[in-house]
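Below: one structure, written as structure tokens.
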Amino acid sequence: MKEYIKETICSFVESENRERYWRTPLTGFADADSEYIRSLPVRTGVNHAMPCEMLPGARTVIVYFVPFSLEVNESNKVEGYASETWARAYERTNEMMSHLNSHIIGELEKRGYNASAASDSAVRFDREKLISMWSYRHLAYAAGLGTFGINRMIITQKGCSGRIGTVITDLDVEHDEPMKEQQCLYRKSGICGICMKNCVAKALEPGGFNRKACYEVCMNNAAKYKGFGDSYGGGIGSEVCGKCISFSPCAYRK
């Protein structure tokens with residue numbers, strides 16, 4: 001079933017890839033009741049939702065990473081605002097992943113399993129606390145897809161430029177373990193740090209992250225890009241930036 005789910009995700013993404021925004025996805029399978037996931041309320045500092053709250057009897061969180069193409073990533077290597085291509089790709093990817101989740105759930109249900117996406121209340125972005133109750137990045141780490149960079153992104157074998165999605169299911173498979181080898185050059189050996197240098201908001205430090213400063217930059221981009229989508233609701237526009245990703249060597253890996 002693991003290979004079938006991986007192939008299902010890859011085939012769906014390719015079938016939707018009209019704009020050539022994406023490369024082949026990566027997929028991991030996290031234990032829904034692992035010690036790491038149960039510790040997320042402490043790790044995130046919020047009342048992080050548990051998989052069993054999304055789906056009673058949850059056994060597995062399917063986590064997939066859809067990496068952006070080189071063209072999308074390169075387009076954002078400009079000063080100031082996020083590129084138009086980056087904003088369009090971000091919104092289009094979120095739209096596609098909503099349909100992909102429904103497709104994965106349907107395929108699992110046809111085979112006798114229960115499955116669900118995370119609830120709207122869990123994934124809703126709190127604009128006061130500047131965080132949600134469902135951390136895609138921590139779940140990606142739990143599923144063995146990568147490790148955290150100084151830019152707070154998950155650095156996978158295909159980089160950190162892309163988007164993460166999840167589906168919760170009672171399918172019981174062999175679960176993946178968190179990646180042991182550090183993927184961030186700065187955290188591994190003290191070199192690089194390019195994400196900190198290129199953060200427009202100067203919000204990144206080795207031991208801290210200024211969420212408010214980061215969000216102000218995203219809001220400036222949202223004011224510029226109002227016609228491509230509104231992933232977080234409220235008619236604000238595309239709340240994007242990505243400079244800490246695009247300029248970094250960890251952004252794109254073949």
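For the structure tokens, the naming scheme is as follows: chains receive sequential letters (A, B, ...) according to their order of presentation, residues are indexed from 1 within each chain, and ligands are indexed from 1 in presentation order.
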With a distance cut-off of 12 Å and only C-alpha atoms, select the neighbouring residues of Leu185 (chain A), excluding the residue or stretch itself and same-chain residues fewer than 5 positions from it, and output the selection as a short mmCIF file (atom, residue, chain, number, x, y, z; two decimals) with N, CA and C atoms, in the first residue's frame.
data_model
loop_
_atom_site.label_atom_id
_atom_site.label_comp_id
_atom_site.auth_asym_id
_atom_site.auth_seq_id
_atom_site.Cartn_x
_atom_site.Cartn_y
_atom_site.Cartn_z
N THR A 147 14.92 17.40 7.67
CA THR A 147 15.21 18.04 8.95
C THR A 147 15.02 19.54 8.83
N PHE A 148 14.90 20.21 9.96
CA PHE A 148 14.64 21.65 9.96
C PHE A 148 15.90 22.45 9.65
N GLY A 149 15.74 23.47 8.81
CA GLY A 149 16.81 24.42 8.55
C GLY A 149 16.68 25.63 9.44
N ILE A 150 17.68 26.49 9.41
CA ILE A 150 17.61 27.75 10.14
C ILE A 150 16.42 28.58 9.67
N ASN A 151 16.02 28.38 8.41
CA ASN A 151 14.86 29.10 7.87
C ASN A 151 13.53 28.50 8.32
N ILE A 155 14.08 20.64 5.14
CA ILE A 155 14.99 20.41 4.02
C ILE A 155 14.96 18.93 3.68
N GLY A 190 28.05 24.75 10.68
CA GLY A 190 28.28 26.17 10.92
C GLY A 190 28.56 27.00 9.69
N ILE A 191 28.43 26.41 8.51
CA ILE A 191 28.64 27.16 7.27
C ILE A 191 27.30 27.51 6.63
N CYS A 192 27.31 28.39 5.66
CA CYS A 192 26.13 28.84 4.92
C CYS A 192 25.44 30.00 5.65
N GLY A 193 24.24 29.80 6.18
CA GLY A 193 23.52 30.90 6.81
C GLY A 193 22.94 31.88 5.82
N ILE A 194 22.86 31.48 4.54
CA ILE A 194 22.37 32.38 3.50
C ILE A 194 20.91 32.77 3.73
N CYS A 195 20.13 31.86 4.29
CA CYS A 195 18.72 32.18 4.54
C CYS A 195 18.59 33.36 5.49
N SER A 248 18.83 30.12 -1.08
CA SER A 248 19.65 29.20 -0.30
C SER A 248 20.01 27.94 -1.10
N PRO A 249 21.19 27.36 -0.86
CA PRO A 249 21.58 26.14 -1.56
C PRO A 249 20.68 24.95 -1.21
N CYS A 250 19.96 25.05 -0.09
CA CYS A 250 19.07 23.95 0.29
C CYS A 250 17.72 24.01 -0.42
N ALA A 251 17.50 25.05 -1.22
CA ALA A 251 16.19 25.24 -1.85
C ALA A 251 15.88 24.15 -2.85
#
Could you pull the residues within 8 Å of Phe228 (chain A), counting only C-alpha atoms, minus those fewer than 2 positions along the same chain, as an mmCIF file with all heavy atoms, in the first residue's frame?
data_model
loop_
_atom_site.group_PDB
_atom_site.id
_atom_site.type_symbol
_atom_site.label_atom_id
_atom_site.label_comp_id
_atom_site.auth_asym_id
_atom_site.auth_seq_id
_atom_site.Cartn_x
_atom_site.Cartn_y
_atom_site.Cartn_z
ATOM 1 N N ALA A 87 4.254 33.664 -6.382
ATOM 2 C CA ALA A 87 2.915 33.851 -5.811
ATOM 3 C C ALA A 87 1.892 32.971 -6.522
ATOM 4 O O ALA A 87 1.044 32.334 -5.882
ATOM 5 C CB ALA A 87 2.507 35.315 -5.900
ATOM 6 N N ARG A 88 1.964 32.925 -7.850
ATOM 7 C CA ARG A 88 1.029 32.081 -8.612
ATOM 8 C C ARG A 88 1.226 30.602 -8.283
ATOM 9 O O ARG A 88 0.256 29.855 -8.092
ATOM 10 C CB ARG A 88 1.222 32.310 -10.110
ATOM 11 C CG ARG A 88 0.694 33.638 -10.640
ATOM 12 C CD ARG A 88 0.845 33.718 -12.148
ATOM 13 N NE ARG A 88 0.381 34.967 -12.689
ATOM 14 C CZ ARG A 88 -0.880 35.246 -12.992
ATOM 15 N NH1 ARG A 88 -1.816 34.314 -12.791
ATOM 16 N NH2 ARG A 88 -1.218 36.413 -13.505
ATOM 17 N N GLU A 91 -0.195 29.664 -4.738
ATOM 18 C CA GLU A 91 -1.657 29.543 -4.686
ATOM 19 C C GLU A 91 -2.147 28.346 -5.490
ATOM 20 O O GLU A 91 -3.041 27.609 -5.053
ATOM 21 C CB GLU A 91 -2.302 30.828 -5.215
ATOM 22 C CG GLU A 91 -2.011 32.068 -4.387
ATOM 23 C CD GLU A 91 -2.690 32.067 -3.034
ATOM 24 O OE1 GLU A 91 -3.458 31.131 -2.732
ATOM 25 O OE2 GLU A 91 -2.447 33.007 -2.253
ATOM 26 N N TYR A 225 -0.252 41.112 -4.575
ATOM 27 C CA TYR A 225 -0.774 39.982 -5.337
ATOM 28 C C TYR A 225 -2.163 39.589 -4.824
ATOM 29 O O TYR A 225 -2.307 38.723 -3.967
ATOM 30 C CB TYR A 225 0.179 38.796 -5.243
ATOM 31 C CG TYR A 225 1.533 39.071 -5.850
ATOM 32 C CD1 TYR A 225 2.697 38.961 -5.084
ATOM 33 C CD2 TYR A 225 1.653 39.446 -7.187
ATOM 34 C CE1 TYR A 225 3.946 39.211 -5.644
ATOM 35 C CE2 TYR A 225 2.897 39.703 -7.755
ATOM 36 C CZ TYR A 225 4.040 39.581 -6.980
ATOM 37 O OH TYR A 225 5.268 39.837 -7.534
ATOM 38 N N LYS A 226 -3.168 40.210 -5.362
ATOM 39 C CA LYS A 226 -4.545 39.944 -4.934
ATOM 40 C C LYS A 226 -5.334 39.113 -5.942
ATOM 41 O O LYS A 226 -6.455 38.712 -5.662
ATOM 42 C CB LYS A 226 -5.284 41.271 -4.683
ATOM 43 C CG LYS A 226 -4.821 41.991 -3.421
ATOM 44 C CD LYS A 226 -5.695 43.185 -3.117
ATOM 45 C CE LYS A 226 -5.317 43.815 -1.791
ATOM 46 N NZ LYS A 226 -5.604 42.941 -0.641
ATOM 47 N N ASP A 230 -6.286 33.120 -2.550
ATOM 48 C CA ASP A 230 -6.379 33.641 -1.181
ATOM 49 C C ASP A 230 -6.380 32.444 -0.229
ATOM 50 O O ASP A 230 -7.370 32.159 0.432
ATOM 51 C CB ASP A 230 -7.661 34.466 -1.054
ATOM 52 C CG ASP A 230 -7.790 35.157 0.287
ATOM 53 O OD1 ASP A 230 -6.750 35.405 0.928
ATOM 54 O OD2 ASP A 230 -8.927 35.437 0.687
ATOM 55 N N GLY A 237 -5.187 38.341 -0.011
ATOM 56 C CA GLY A 237 -4.293 38.155 -1.135
ATOM 57 C C GLY A 237 -3.299 37.034 -0.848
ATOM 58 O O GLY A 237 -3.468 36.249 0.083
ATOM 59 N N SER A 238 -2.245 36.977 -1.648
ATOM 60 C CA SER A 238 -1.258 35.900 -1.528
ATOM 61 C C SER A 238 -0.203 36.258 -0.487
ATOM 62 O O SER A 238 0.704 37.050 -0.757
ATOM 63 C CB SER A 238 -0.597 35.648 -2.890
ATOM 64 O OG SER A 238 -1.562 35.250 -3.846
#
* To do: Take CA of Ala122 (chain A) and CA of Leu139 (chain A) and report the distance between them in Å, one decimal.
  =>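 CA of Ala122 (chain A) sits 13.4 Å away from CA of Leu139 (chain A).
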Which residues of region 76-162 of chain A come within 12 Å of region 4-13 of chain A, and what is each one's closest atom pair and distance in Å (one decimal), counting only C-alpha atoms, sorted by chain and residue number, as a tab-separated table?
residue	atom	partner	partner_atom	distance
A:Arg92	CA	A:Val13	CA	11.6
A:Thr93	CA	A:Val13	CA	9.5
A:Asn94	CA	A:Val13	CA	11.8
A:Glu95	CA	A:Val13	CA	11.6
A:Met96	CA	A:Val13	CA	7.8
A:Met97	CA	A:Val13	CA	8.4
A:Ser98	CA	A:Val13	CA	11.5
A:His99	CA	A:Phe12	CA	9.3
A:Leu100	CA	A:Phe12	CA	6.8
A:Asn101	CA	A:Ile9	CA	9.1
A:Ser102	CA	A:Phe12	CA	11.1
A:His103	CA	A:Phe12	CA	8.2
A:Ile104	CA	A:Thr8	CA	7.4
A:Ile105	CA	A:Ile5	CA	10.3
A:Gly106	CA	A:Thr8	CA	11.1
A:Glu107	CA	A:Thr8	CA	8.6
A:Leu108	CA	A:Ile5	CA	8.7
A:Arg111	CA	A:Tyr4	CA	11.5
Hey, can you spit out that residue selection with C-alpha atoms as a PDB file, in the first residue's frame?
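Resulting contents of again.pdb:
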ATOM      1  CA  ARG A  92      -1.966  26.988  -7.477  1.00  0.00           C
ATOM      2  CA  THR A  93      -0.156  24.393  -5.379  1.00  0.00           C
ATOM      3  CA  ASN A  94      -2.449  24.900  -2.404  1.00  0.00           C
ATOM      4  CA  GLU A  95      -5.455  24.509  -4.707  1.00  0.00           C
ATOM      5  CA  MET A  96      -4.047  21.353  -6.273  1.00  0.00           C
ATOM      6  CA  MET A  97      -3.214  19.784  -2.906  1.00  0.00           C
ATOM      7  CA  SER A  98      -6.782  20.245  -1.690  1.00  0.00           C
ATOM      8  CA  HIS A  99      -7.950  18.148  -4.651  1.00  0.00           C
ATOM      9  CA  LEU A 100      -5.093  15.689  -4.132  1.00  0.00           C
ATOM     10  CA  ASN A 101      -6.151  15.109  -0.519  1.00  0.00           C
ATOM     11  CA  SER A 102      -9.680  14.291  -1.668  1.00  0.00           C
ATOM     12  CA  HIS A 103      -8.254  11.900  -4.260  1.00  0.00           C
ATOM     13  CA  ILE A 104      -6.053  10.090  -1.713  1.00  0.00           C
ATOM     14  CA  ILE A 105      -8.960   9.805   0.717  1.00  0.00           C
ATOM     15  CA  GLY A 106     -11.188   8.403  -2.018  1.00  0.00           C
ATOM     16  CA  GLU A 107      -8.603   5.797  -3.028  1.00  0.00           C
ATOM     17  CA  LEU A 108      -8.168   4.671   0.569  1.00  0.00           C
ATOM     18  CA  ARG A 111      -9.989  -0.114  -0.333  1.00  0.00           C
TER      19      ARG A 111
END
* From a DSSP calculation on the backbone, collect every residue of region 116-253 of chain A in alpha helix (DSSP H) and output the set as an NGL selection string. => :A and (120-123 or 136-142 or 185-189 or 194-198 or 211-224 or 243-246)
* Taking into account only C-alpha atoms, which residue in the set A:Ile131, A:Ala222, A:Cys160, A:Leu55 is nearest to Cys184 (chain A)? ->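 Of the candidates, the smallest distance to Cys184 (chain A) is held by A:Cys160.
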* Could you please determine the separation between CA of Met1 (chain A) and CA of Met179 (chain A) in Å, to one decimal place? => 21.7 Å
